file target_29.tsv (TSV, C-alpha atoms)
chain	number	residue	atom	x	y	z
C	1207	MET	CA	-133.87	18.39	-145.58
C	1208	LYS	CA	-130.54	16.66	-145.27
C	1209	ASN	CA	-128.86	19.94	-144.45
C	1210	THR	CA	-131.28	20.67	-141.60
C	1211	HIS	CA	-130.71	17.23	-140.26
C	1212	SER	CA	-126.93	17.60	-140.13
C	1213	ARG	CA	-127.22	21.09	-138.64
C	1214	PHE	CA	-129.40	19.69	-135.92
C	1215	LEU	CA	-126.83	16.96	-135.30
C	1216	ILE	CA	-123.97	19.46	-135.06
C	1217	PHE	CA	-125.98	21.73	-132.78
C	1218	SER	CA	-127.02	18.93	-130.44
C	1219	SER	CA	-123.44	17.57	-130.30
C	1220	ILE	CA	-122.18	21.00	-129.28
C	1221	VAL	CA	-124.83	21.21	-126.56
C	1222	VAL	CA	-124.04	17.73	-125.28
C	1223	ILE	CA	-120.27	18.29	-125.33
C	1224	SER	CA	-120.53	21.64	-123.53
C	1225	LEU	CA	-122.89	20.12	-120.97
C	1226	PHE	CA	-120.36	17.39	-120.28
C	1227	GLY	CA	-117.62	20.00	-120.08
C	1228	TYR	CA	-119.71	22.13	-117.72
C	1229	VAL	CA	-120.50	19.18	-115.46
C	1230	ALA	CA	-116.83	18.15	-115.42
C	1231	ILE	CA	-115.63	21.63	-114.49
C	1232	ALA	CA	-118.42	22.31	-112.03
C	1233	ALA	CA	-118.32	18.97	-110.23
C	1234	THR	CA	-114.61	18.27	-109.85
C	1235	ALA	CA	-113.07	19.84	-106.77
C	1236	GLU	CA	-109.28	20.02	-106.60
C	1237	ILE	CA	-107.18	19.37	-103.51
C	1238	GLU	CA	-103.45	19.73	-103.12
C	1239	LEU	CA	-101.15	17.12	-101.65
C	1240	ILE	CA	-97.53	18.08	-101.02
C	1241	ILE	CA	-94.59	15.70	-100.70
C	1242	LYS	CA	-91.71	17.09	-98.65
C	1243	ASP	CA	-88.91	15.21	-96.86
C	1244	HIS	CA	-90.63	11.95	-97.92
C	1245	LEU	CA	-93.79	12.89	-96.02
C	1246	PHE	CA	-97.29	13.76	-97.27
C	1247	PHE	CA	-98.85	17.11	-96.33
C	1248	PRO	CA	-101.62	16.95	-95.31
C	1249	ALA	CA	-101.42	13.31	-94.27
C	1250	VAL	CA	-105.23	13.20	-93.97
C	1251	LEU	CA	-107.29	14.29	-96.95
C	1252	GLU	CA	-110.99	14.75	-96.26
C	1253	ILE	CA	-113.27	14.54	-99.28
C	1254	PRO	CA	-117.05	14.35	-99.69
C	1255	ALA	CA	-118.69	11.01	-100.52
C	1256	LYS	CA	-119.90	10.16	-104.03
C	1257	GLN	CA	-117.96	12.95	-105.72
C	1258	LYS	CA	-115.08	12.87	-108.12
C	1259	VAL	CA	-112.02	14.74	-106.79
C	1260	ARG	CA	-108.90	15.89	-108.56
C	1261	ILE	CA	-105.75	15.57	-106.44
C	1262	ARG	CA	-102.81	17.72	-107.49
C	1263	ILE	CA	-99.68	16.14	-106.05
C	1264	ILE	CA	-96.72	18.49	-105.75
C	1265	ASN	CA	-93.38	16.83	-105.06
C	1266	GLN	CA	-91.04	19.33	-103.39
C	1267	ASP	CA	-88.32	16.73	-102.83
C	1268	PRO	CA	-85.56	16.39	-105.44
C	1269	THR	CA	-86.22	12.62	-105.57
C	1270	PRO	CA	-89.12	10.86	-107.34
C	1271	GLU	CA	-91.97	9.32	-105.37
C	1272	GLU	CA	-94.68	6.88	-106.34
C	1273	PHE	CA	-98.14	7.64	-104.99
C	1274	GLU	CA	-99.75	4.26	-104.40
C	1275	SER	CA	-103.00	3.06	-102.88
C	1276	PHE	CA	-104.44	-0.44	-103.08
C	1277	GLU	CA	-107.76	0.77	-101.66
C	1278	LEU	CA	-108.07	3.58	-104.22
C	1279	ASN	CA	-106.57	1.51	-107.07
C	1280	ARG	CA	-104.17	4.31	-107.89
C	1281	GLU	CA	-100.46	4.31	-108.73
C	1282	LYS	CA	-98.40	7.11	-110.22
C	1283	ILE	CA	-94.81	8.29	-110.21
C	1284	ILE	CA	-94.20	11.98	-109.48
C	1285	VAL	CA	-90.71	13.07	-110.52
C	1286	GLY	CA	-88.49	15.11	-108.21
C	1287	ASN	CA	-89.61	18.77	-108.05
C	1288	GLY	CA	-92.53	17.90	-110.30
C	1289	GLN	CA	-96.28	17.70	-110.08
C	1290	ALA	CA	-99.01	15.38	-111.25
C	1291	VAL	CA	-102.78	15.02	-111.20
C	1292	ILE	CA	-104.80	11.98	-110.14
C	1293	PHE	CA	-108.58	11.66	-110.25
C	1294	ILE	CA	-110.30	9.64	-107.53
C	1295	GLY	CA	-113.91	8.85	-106.74
C	1296	PRO	CA	-116.83	8.94	-106.59
C	1297	LEU	CA	-116.22	6.95	-103.39
C	1298	GLU	CA	-118.30	5.45	-100.61
C	1299	PRO	CA	-117.64	6.81	-97.07
C	1300	GLY	CA	-114.62	5.19	-95.43
C	1301	ARG	CA	-110.86	5.32	-95.03
C	1302	TYR	CA	-108.59	4.78	-98.03
C	1303	PRO	CA	-104.89	4.66	-97.05
C	1304	PHE	CA	-102.15	5.66	-99.51
C	1305	PHE	CA	-98.36	5.63	-99.33
C	1306	GLY	CA	-95.22	6.54	-101.22
C	1307	GLU	CA	-93.89	3.31	-102.67
C	1308	PHE	CA	-90.33	4.61	-102.85
C	1309	ASN	CA	-90.31	5.66	-99.17
C	1310	PRO	CA	-93.09	3.59	-97.58
C	1311	LYS	CA	-91.80	3.94	-94.00
C	1312	THR	CA	-92.35	7.69	-93.83
C	1313	ALA	CA	-94.65	8.60	-96.70
C	1314	GLN	CA	-98.06	7.54	-95.37
C	1315	GLY	CA	-101.44	9.14	-95.67
C	1316	VAL	CA	-105.15	8.47	-95.81
C	1317	VAL	CA	-108.13	9.74	-97.77
C	1318	VAL	CA	-111.13	10.03	-95.45
C	1319	VAL	CA	-114.42	10.04	-97.33
C	1320	LYS	CA	-117.35	11.52	-95.40
Z	1452	MET	CA	-85.11	0.16	-97.80
Z	1453	PHE	CA	-83.54	-3.19	-98.74
Z	1454	LEU	CA	-86.77	-5.21	-98.69
Z	1455	ASN	CA	-88.62	-2.39	-100.40
Z	1456	ALA	CA	-86.07	-2.37	-103.24
Z	1457	VAL	CA	-86.41	-6.16	-103.62
Z	1458	ILE	CA	-90.22	-5.88	-103.87
Z	1459	ILE	CA	-90.18	-3.00	-106.36
Z	1460	ILE	CA	-87.60	-4.60	-108.66
Z	1461	VAL	CA	-89.10	-8.12	-108.52
Z	1462	GLN	CA	-92.51	-6.73	-109.38
Z	1463	GLU	CA	-91.27	-4.78	-112.40
Z	1464	ILE	CA	-88.94	-7.51	-113.71
Z	1465	LEU	CA	-91.43	-10.38	-113.24
Z	1466	GLU	CA	-93.96	-8.81	-115.58
Z	1467	ALA	CA	-91.44	-8.47	-118.40
Z	1468	ALA	CA	-89.81	-11.84	-117.63
Z	1469	LEU	CA	-93.13	-13.68	-117.88
Z	1470	LEU	CA	-93.88	-12.04	-121.22
Z	1471	ILE	CA	-90.40	-12.78	-122.62
Z	1472	SER	CA	-90.54	-16.44	-121.46
Z	1473	VAL	CA	-93.97	-17.07	-122.97
Z	1474	LEU	CA	-92.99	-15.50	-126.31
Z	1475	LEU	CA	-89.69	-17.44	-126.38
Z	1476	VAL	CA	-91.57	-20.69	-125.79
Z	1477	PHE	CA	-93.89	-19.79	-128.69
Z	1478	THR	CA	-90.81	-19.09	-130.82
Z	1479	TYR	CA	-89.43	-22.52	-129.92
Z	1480	LEU	CA	-92.76	-24.24	-130.67
Z	1481	PHE	CA	-93.34	-22.38	-133.95
Z	1482	GLN	CA	-89.87	-23.40	-135.11
Z	1483	LYS	CA	-90.68	-26.99	-134.17
Z	1484	VAL	CA	-93.94	-26.99	-136.12
Z	1485	TRP	CA	-92.94	-25.14	-139.28
Z	1486	GLY	CA	-89.20	-25.66	-139.29
Z	1487	LYS	CA	-87.02	-23.53	-141.50
Z	1488	SER	CA	-89.85	-22.26	-143.68
Z	1489	PHE	CA	-91.08	-20.11	-140.79
Z	1490	ILE	CA	-88.24	-17.65	-140.31
Z	1491	LEU	CA	-88.44	-16.79	-136.63
Z	1492	LYS	CA	-85.00	-16.55	-135.08
Z	1493	THR	CA	-84.66	-16.49	-131.30
Z	1494	SER	CA	-82.40	-13.44	-131.72
Z	1495	TRP	CA	-85.52	-11.20	-131.88
Z	1496	VAL	CA	-85.36	-11.13	-128.09
Z	1497	ALA	CA	-81.89	-9.53	-128.12
Z	1498	TYR	CA	-83.08	-6.69	-130.39
Z	1499	SER	CA	-86.10	-6.01	-128.23
Z	1500	ILE	CA	-84.09	-5.96	-124.99
Z	1501	VAL	CA	-81.46	-3.56	-126.39
Z	1502	LEU	CA	-84.08	-1.26	-127.95
Z	1503	GLY	CA	-86.25	-1.55	-124.84
Z	1504	VAL	CA	-83.46	-0.46	-122.49
Z	1505	ILE	CA	-82.69	2.54	-124.72
Z	1506	GLY	CA	-86.40	3.39	-124.86
Z	1507	ALA	CA	-86.73	3.04	-121.08
Z	1508	ALA	CA	-83.75	5.36	-120.50
Z	1509	LEU	CA	-85.29	7.98	-122.83
Z	1510	TYR	CA	-88.75	7.66	-121.28
Z	1511	SER	CA	-87.47	7.90	-117.71
Z	1512	HIS	CA	-85.38	10.93	-118.68
Z	1513	TYR	CA	-88.42	12.72	-120.14
Z	1514	THR	CA	-91.02	11.53	-117.59
Z	1515	GLY	CA	-91.01	15.01	-116.00
Z	1516	GLN	CA	-92.04	16.62	-119.31
Z	1517	VAL	CA	-94.43	13.83	-120.28
Z	1518	SER	CA	-96.27	14.10	-116.97
Z	1519	GLN	CA	-97.17	17.74	-117.77
Z	1520	TRP	CA	-98.95	16.77	-121.00
Z	1521	PHE	CA	-102.76	16.82	-121.15
Z	1522	ASP	CA	-102.97	18.89	-117.97
Z	1523	TYR	CA	-100.69	16.67	-115.85
Z	1524	VAL	CA	-102.08	13.28	-116.85
Z	1525	GLY	CA	-99.52	12.69	-119.62
Z	1526	GLN	CA	-98.04	9.58	-118.01
Z	1527	GLU	CA	-101.43	7.88	-117.84
Z	1528	ILE	CA	-102.14	8.64	-121.49
Z	1529	VAL	CA	-98.70	7.46	-122.69
Z	1530	ASN	CA	-98.79	4.31	-120.52
Z	1531	ALA	CA	-102.36	3.51	-121.53
Z	1532	SER	CA	-101.31	3.89	-125.19
Z	1533	ILE	CA	-98.41	1.50	-124.58
Z	1534	HIS	CA	-100.85	-1.05	-123.10
Z	1535	ILE	CA	-103.30	-0.65	-125.98
Z	1536	ILE	CA	-100.56	-1.04	-128.64
Z	1537	SER	CA	-99.19	-4.09	-126.77
Z	1538	LEU	CA	-102.66	-5.64	-126.67
Z	1539	PHE	CA	-103.05	-4.98	-130.40
Z	1540	LEU	CA	-99.66	-6.62	-131.14
Z	1541	ILE	CA	-100.51	-9.68	-128.98
Z	1542	LEU	CA	-103.78	-10.12	-130.88
Z	1543	LEU	CA	-102.02	-9.60	-134.22
Z	1544	LEU	CA	-99.57	-12.33	-133.23
Z	1545	ALA	CA	-102.40	-14.73	-132.34
Z	1546	PHE	CA	-104.21	-13.99	-135.60
Z	1547	ALA	CA	-101.09	-14.18	-137.82
Z	1548	VAL	CA	-100.63	-17.90	-137.16
Z	1549	PRO	CA	-100.59	-19.87	-140.44
Z	1550	PRO	CA	-103.84	-21.76	-140.99
Z	1551	GLY	CA	-102.15	-25.00	-142.03
Z	1552	ASN	CA	-98.85	-26.76	-141.60
Z	1553	MET	CA	-97.90	-26.26	-145.24
Z	1554	SER	CA	-99.64	-22.94	-145.64
Z	1555	ALA	CA	-98.81	-20.22	-148.12
Z	1556	ARG	CA	-97.28	-16.87	-147.13
Z	1557	LEU	CA	-95.21	-18.43	-144.39
Z	1558	VAL	CA	-92.43	-15.89	-144.94
Z	1559	GLU	CA	-94.77	-12.91	-144.60
Z	1560	ARG	CA	-96.44	-14.45	-141.57
Z	1561	SER	CA	-93.13	-15.19	-139.90
Z	1562	ARG	CA	-91.96	-11.62	-140.53
Z	1563	LEU	CA	-95.14	-10.24	-138.98
Z	1564	THR	CA	-94.77	-12.60	-135.99
Z	1565	THR	CA	-91.18	-11.43	-135.44
Z	1566	ILE	CA	-92.22	-7.76	-135.57
Z	1567	CYS	CA	-95.05	-8.40	-133.08
Z	1568	MET	CA	-92.76	-10.21	-130.64
Z	1569	ILE	CA	-90.11	-7.48	-130.79
Z	1570	GLY	CA	-92.78	-4.80	-130.32
Z	1571	ILE	CA	-94.48	-6.49	-127.36
Z	1572	VAL	CA	-91.24	-7.04	-125.41
Z	1573	LEU	CA	-89.81	-3.65	-126.38
Z	1574	LEU	CA	-92.90	-1.89	-125.01
Z	1575	ALA	CA	-92.92	-4.00	-121.83
Z	1576	ILE	CA	-89.28	-3.11	-121.14
Z	1577	ILE	CA	-89.89	0.59	-121.81
Z	1578	ARG	CA	-92.80	0.54	-119.34
Z	1579	GLU	CA	-91.20	-1.49	-116.55
Z	1580	GLY	CA	-87.60	-0.39	-117.18
Z	1581	SER	CA	-88.37	3.33	-117.01
Z	1582	GLU	CA	-89.96	2.86	-113.56
Z	1583	ILE	CA	-86.91	0.97	-112.32
Z	1584	MET	CA	-84.64	3.70	-113.71
Z	1585	LEU	CA	-86.66	6.49	-112.08
Z	1586	TYR	CA	-86.57	4.65	-108.76
Z	1587	ALA	CA	-82.85	3.90	-109.02
Z	1588	GLY	CA	-82.06	7.45	-110.14
Z	1589	GLY	CA	-83.85	8.87	-107.12
Z	1590	VAL	CA	-82.10	6.53	-104.73
Z	1591	ALA	CA	-78.66	7.21	-106.15
Z	1592	SER	CA	-79.02	10.83	-105.02
Z	1593	GLN	CA	-79.59	9.72	-101.40
Z	1594	PRO	CA	-76.19	8.29	-100.37
Z	1595	GLU	CA	-77.44	6.62	-97.17
Z	1596	ASN	CA	-79.81	4.39	-99.15
Z	1597	PHE	CA	-77.37	3.49	-101.88
Z	1598	THR	CA	-75.93	0.20	-100.57
Z	1599	PRO	CA	-79.16	-1.45	-99.34
Z	1600	VAL	CA	-80.96	-0.50	-102.53
Z	1601	VAL	CA	-78.19	-1.79	-104.81
Z	1602	PHE	CA	-78.19	-5.12	-102.94
Z	1603	GLY	CA	-81.98	-5.21	-103.00
Z	1604	ALA	CA	-82.04	-4.47	-106.71
Z	1605	VAL	CA	-79.48	-7.19	-107.50
Z	1606	ILE	CA	-81.42	-9.77	-105.48
Z	1607	GLY	CA	-84.78	-8.61	-106.84
Z	1608	GLY	CA	-83.44	-8.66	-110.40
Z	1609	GLY	CA	-81.98	-12.13	-109.79
Z	1610	ILE	CA	-85.31	-13.46	-108.52
Z	1611	GLY	CA	-87.24	-11.98	-111.45
Z	1612	VAL	CA	-84.84	-13.24	-114.12
Z	1613	SER	CA	-84.57	-16.72	-112.49
Z	1614	ALA	CA	-88.36	-17.00	-112.41
Z	1615	GLY	CA	-88.46	-16.24	-116.14
Z	1616	VAL	CA	-85.70	-18.77	-116.94
Z	1617	LEU	CA	-87.40	-21.45	-114.80
Z	1618	LEU	CA	-90.72	-20.84	-116.52
Z	1619	TYR	CA	-89.08	-21.10	-119.96
Z	1620	TYR	CA	-87.30	-24.39	-119.28
Z	1621	GLY	CA	-90.31	-25.73	-117.40
Z	1622	LEU	CA	-92.55	-25.07	-120.37
Z	1623	ILE	CA	-90.27	-26.43	-123.09
Z	1624	SER	CA	-89.73	-29.61	-121.06
Z	1625	LEU	CA	-93.49	-30.31	-121.34
Z	1626	ASN	CA	-94.71	-32.06	-124.45
Z	1627	ALA	CA	-95.51	-29.61	-127.24
Z	1628	LYS	CA	-99.28	-29.96	-126.90
Z	1629	TRP	CA	-99.24	-28.91	-123.25
Z	1630	ALA	CA	-96.57	-26.27	-123.71
Z	1631	PHE	CA	-98.80	-24.65	-126.36
Z	1632	ARG	CA	-101.85	-24.83	-124.11
Z	1633	VAL	CA	-100.16	-23.37	-121.02
Z	1634	CYS	CA	-98.55	-20.60	-123.08
Z	1635	LEU	CA	-101.88	-19.79	-124.65
Z	1636	ILE	CA	-103.61	-19.51	-121.26
Z	1637	LEU	CA	-100.80	-17.21	-120.08
Z	1638	LEU	CA	-101.04	-15.14	-123.27
Z	1639	ALA	CA	-104.80	-14.77	-122.77
Z	1640	LEU	CA	-104.26	-13.54	-119.18
Z	1641	ILE	CA	-101.52	-11.14	-120.29
Z	1642	SER	CA	-103.80	-9.84	-123.03
Z	1643	GLY	CA	-106.69	-9.34	-120.59
Z	1644	ASN	CA	-104.36	-7.58	-118.16
Z	1645	MET	CA	-103.25	-5.13	-120.89
Z	1646	GLY	CA	-106.86	-4.14	-121.56
Z	1647	SER	CA	-107.69	-3.80	-117.88
Z	1648	GLN	CA	-104.58	-1.70	-117.13
Z	1649	ALA	CA	-105.33	0.66	-120.03
Z	1650	VAL	CA	-108.85	1.19	-118.65
Z	1651	LEU	CA	-107.53	1.82	-115.13
Z	1652	LEU	CA	-105.01	4.42	-116.35
Z	1653	LEU	CA	-107.57	6.24	-118.50
Z	1654	THR	CA	-110.01	6.29	-115.56
Z	1655	GLN	CA	-107.27	7.70	-113.30
Z	1656	ALA	CA	-106.72	10.45	-115.91
Z	1657	ASP	CA	-110.50	11.09	-116.12
Z	1658	TRP	CA	-110.48	10.22	-119.85
Z	1659	LEU	CA	-112.87	7.34	-119.17
Z	1660	PRO	CA	-115.90	7.61	-116.90
Z	1661	PHE	CA	-115.95	6.09	-113.44
Z	1662	THR	CA	-117.57	2.66	-113.22
Z	1663	PRO	CA	-118.48	0.93	-109.92
Z	1664	ILE	CA	-116.31	-1.76	-108.35
Z	1665	ALA	CA	-117.21	-5.21	-109.73
Z	1666	TRP	CA	-116.22	-7.13	-106.59
Z	1667	ASN	CA	-114.03	-6.89	-103.51
Z	1668	THR	CA	-111.74	-9.83	-102.77
Z	1669	SER	CA	-109.36	-7.92	-100.47
Z	1670	SER	CA	-110.45	-10.02	-97.47
Z	1671	ILE	CA	-109.59	-13.24	-99.36
Z	1672	LEU	CA	-106.38	-12.08	-101.04
Z	1673	ALA	CA	-105.09	-8.61	-100.18
Z	1674	GLU	CA	-103.14	-6.79	-102.90
Z	1675	ALA	CA	-100.60	-5.71	-100.28
Z	1676	SER	CA	-99.76	-9.34	-99.39
Z	1677	ILE	CA	-96.88	-11.15	-101.09
Z	1678	PRO	CA	-99.10	-13.51	-103.13
Z	1679	GLY	CA	-101.18	-10.44	-104.03
Z	1680	HIS	CA	-98.07	-8.61	-105.28
Z	1681	LEU	CA	-96.99	-11.65	-107.29
Z	1682	LEU	CA	-100.39	-12.17	-108.88
Z	1683	TYR	CA	-100.57	-8.45	-109.66
Z	1684	ALA	CA	-97.23	-8.59	-111.46
Z	1685	LEU	CA	-98.08	-11.79	-113.34
Z	1686	ILE	CA	-101.74	-11.53	-114.33
Z	1687	GLY	CA	-102.80	-8.08	-113.10
Z	1688	TYR	CA	-104.70	-9.26	-110.01
Z	1689	GLU	CA	-106.71	-6.52	-108.38
Z	1690	ALA	CA	-108.84	-6.92	-105.28
Z	1691	THR	CA	-111.29	-4.21	-106.34
Z	1692	PRO	CA	-111.45	-3.97	-110.15
Z	1693	SER	CA	-114.02	-1.70	-111.78
Z	1694	VAL	CA	-116.75	-3.09	-114.03
Z	1695	LEU	CA	-115.09	-1.56	-117.11
Z	1696	GLN	CA	-111.74	-3.13	-116.18
Z	1697	VAL	CA	-113.34	-6.57	-115.87
Z	1698	GLY	CA	-115.04	-5.98	-119.23
Z	1699	PHE	CA	-111.76	-5.21	-120.99
Z	1700	TYR	CA	-109.97	-8.08	-119.21
Z	1701	LEU	CA	-112.63	-10.40	-120.64
Z	1702	PHE	CA	-112.29	-8.73	-124.04
Z	1703	GLY	CA	-108.56	-9.58	-124.12
Z	1704	ILE	CA	-109.25	-13.21	-123.19
Z	1705	VAL	CA	-112.16	-13.59	-125.62
Z	1706	MET	CA	-110.09	-12.19	-128.51
Z	1707	ILE	CA	-107.37	-14.79	-127.85
Z	1708	VAL	CA	-110.04	-17.53	-127.68
Z	1709	LEU	CA	-111.37	-16.39	-131.07
Z	1710	SER	CA	-107.89	-16.40	-132.64
Z	1711	PRO	CA	-106.54	-19.06	-135.03
Z	1712	LEU	CA	-103.76	-19.71	-132.51
Z	1713	PHE	CA	-106.35	-20.87	-129.98
Z	1714	ARG	CA	-108.26	-22.95	-132.54
Z	1715	LYS	CA	-105.12	-24.75	-133.63
Z	1716	THR	CA	-103.85	-25.28	-130.08
Z	1717	TRP	CA	-107.14	-26.62	-128.79
Z	1718	SER	CA	-108.39	-28.46	-131.89
Z	1719	SER	CA	-108.89	-32.18	-131.39
Z	1720	ASN	CA	-106.45	-33.18	-134.14
Z	1721	HIS	CA	-103.67	-30.97	-132.69
Z	1722	SER	CA	-102.66	-29.72	-136.12
Z	1723	LEU	CA	-100.09	-27.38	-134.54
Z	1724	VAL	CA	-98.22	-29.96	-132.54
Z	1725	THR	CA	-98.16	-32.88	-134.94
Z	1726	PRO	CA	-96.36	-31.59	-138.02
Z	1727	VAL	CA	-96.82	-33.50	-141.23
call {"tool": "encode", "arguments": {"input": "target_29.tsv", "output": "structure tokens"}}
result
Amino acid sequence: MKNTHSRFLIFSSIVVISLFGYVAIAATAEIELIIKDHLFFPAVLEIPAKQKVRIRIINQDPTPEEFESFELNREKIIVGNGQAVIFIGPLEPGRYPFFGEFNPKTAQGVVVVK
Amino acid sequence: MFLNAVIIIVQEILEAALLISVLLVFTYLFQKVWGKSFILKTSWVAYSIVLGVIGAALYSHYTGQVSQWFDYVGQEIVNASIHIISLFLILLLAFAVPPGNMSARLVERSRLTTICMIGIVLLAIIREGSEIMLYAGGVASQPENFTPVVFGAVIGGGIGVSAGVLLYYGLISLNAKWAFRVCLILLALISGNMGSQAVLLLTQADWLPFTPIAWNTSSILAEASIPGHLLYALIGYEATPSVLQVGFYLFGIVMIVLSPLFRKTWSSNHSLVTPV
């Protein structure tokens, strides 16, 4: 009896975990953001509303940059010639500016949620 | 570039300076209450600064590798761990306070307190120092920015350190009862901030689920404004915190309120500040 019970527990955990895994893989779209010459490419990122998005930031400059956004509540250093991943959302429609804290005059961009 | 350097450096230094000042005031007050039987030498701060700077240099050197861990969210996981360990050490410190003025195990308790203080400051310097080093390292490779950034960094560093020194002398000039109370409020806010920051980083890494925004105070006090920056550095002010962040901020505060340090500081007979 006890054995059946624990088997059921193990089985249901596997189902739940794989469901979560499936949802995570299926739902999270990835977009690329490139930093070059202290500028963001593309400077406007369009993403759908109410969905989690994975942003892969690729820094092609030799110097580090800090991706920062007060509106998105995100902050992360990307080393020179390195890359990093940031998850954002699900977000309401609107404009969410971001900038490079180490070069704020040039490195400017915005996430547009539609 | 100059103003930007000032802002970046002030922000990073202030956070560590506040923490160091508060813990040094506690050191001063603990020595006052328990005297020589509570072995807590002010020199702990020197060890933690030296070790912290070494740690920060190592961490900034390996940030490139660390960021590739866990599918490119390594920094979030390491920084969140640093925040969680710091929170744990702050709570350990608040719970290690001797129950009475002539209590037993004072030596063990003072040793534990010293370890906690070294650990908390060491971790803060690793966290903030490595960001300063990464920033400075990047700038040093761009010759045209070198001079304004060096000046900015010196002024920013000066402002941050002066603020810490002012806070320390301001607090110890108060009477002990009020110094304890102000320090305790600051410690509770620092503790809440640690919890909230850990949650934010783990959400950014998708290790914690998304939770809705609890409130939006950006029209009252924008994070991008100077007071917003200052409050962010000091107590972790955010205009749009998530529900989970607010929950963990409250958890940090509540744990401090439940600690013996709080009970003794706020008890009506002021057992901490009127030694027998």
call {"tool": "interface_residues", "arguments": {"input": "target_29.tsv", "of": "chain Z", "to": "chain C", "cutoff": "7 Å", "atoms": "all atoms listed in the file", "output": "NGL selection string"}}
result
:Z and (1515 or 1518 or 1523-1524 or 1585-1586 or 1589 or 1655-1657 or 1674)
call {"tool": "closest_residue", "arguments": {"input": "target_29.tsv", "among": "Z:Ser1676, Z:Ser1693, Z:Ser1642, Z:Gln1648", "to": "Phe1661 of chain Z", "atoms": "all atoms listed in the file"}}
result
Z:Ser1693
call {"tool": "axis_aligned_box", "arguments": {"input": "target_29.tsv", "around": "segment 1525-1535 of chain Z", "padding_each_side": "8 Å", "output": "lines of an AutoDock Vina configuration file"}}
result
center_x = -100.7
center_y = 5.8
center_z = -121.9
size_x = 21.3
size_y = 29.7
size_z = 24.1
call {"tool": "atom_distance", "arguments": {"input": "target_29.tsv", "atom1": "atom CA of Leu1653 of chain Z", "atom2": "atom CA of Val1708 of chain Z"}}
result
25.6 Å
call {"tool": "residues_around", "arguments": {"input": "target_29.tsv", "residues": "segment 1466-1471 of chain Z", "least_positions_apart": "4", "cutoff": "9 Å", "atoms": "only C-alpha atoms", "output": "number ranges by chain"}}
result
Z: 1461-1462, 1475-1476, 1496, 1568, 1571-1572, 1575-1576, 1579, 1611-1616, 1618-1619, 1637-1638, 1641, 1683-1686
call {"tool": "residues_around", "arguments": {"input": "target_29.tsv", "residues": "segment 1560-1564 of chain Z", "least_positions_apart": "6", "cutoff": "6 Å", "atoms": "only C-alpha atoms", "output": "VMD selection string"}}
result
chain Z and resid 1489 to 1491 1544 1547
call {"tool": "residues_around", "arguments": {"input": "target_29.tsv", "residues": "Trp1629 of chain Z", "least_positions_apart": "5", "cutoff": "10 Å", "atoms": "only C-alpha atoms", "output": "list in words"}}
result
Leu1622, Ile1623, Ser1624, Cys1634, Leu1635, Thr1716, Trp1717 and Val1724 of chain Z
call {"tool": "atom_distance", "arguments": {"input": "target_29.tsv", "atom1": "atom CA of Phe1273 of chain C", "atom2": "atom CA of Ala1313 of chain C"}}
result
9.0 Å
call {"tool": "atom_distance", "arguments": {"input": "target_29.tsv", "atom1": "atom CA of Gly1315 of chain C", "atom2": "atom CA of Thr1668 of chain Z"}}
result
22.7 Å
call {"tool": "residues_near_point", "arguments": {"input": "target_29.tsv", "point": "(-83.5, -0.8, -124.7)", "cutoff": "12 Å", "atoms": "all atoms listed in the file", "output": "list in words"}}
result
Val1496, Ala1497, Tyr1498, Ser1499, Ile1500, Val1501, Leu1502, Gly1503, Val1504, Ile1505, Gly1506, Ala1507, Ala1508, Leu1509, Tyr1510, Ser1511, Ile1569, Gly1570, Val1572, Leu1573, Leu1574, Ala1575, Ile1576, Ile1577, Arg1578, Glu1579, Gly1580, Ser1581 and Met1584 of chain Z
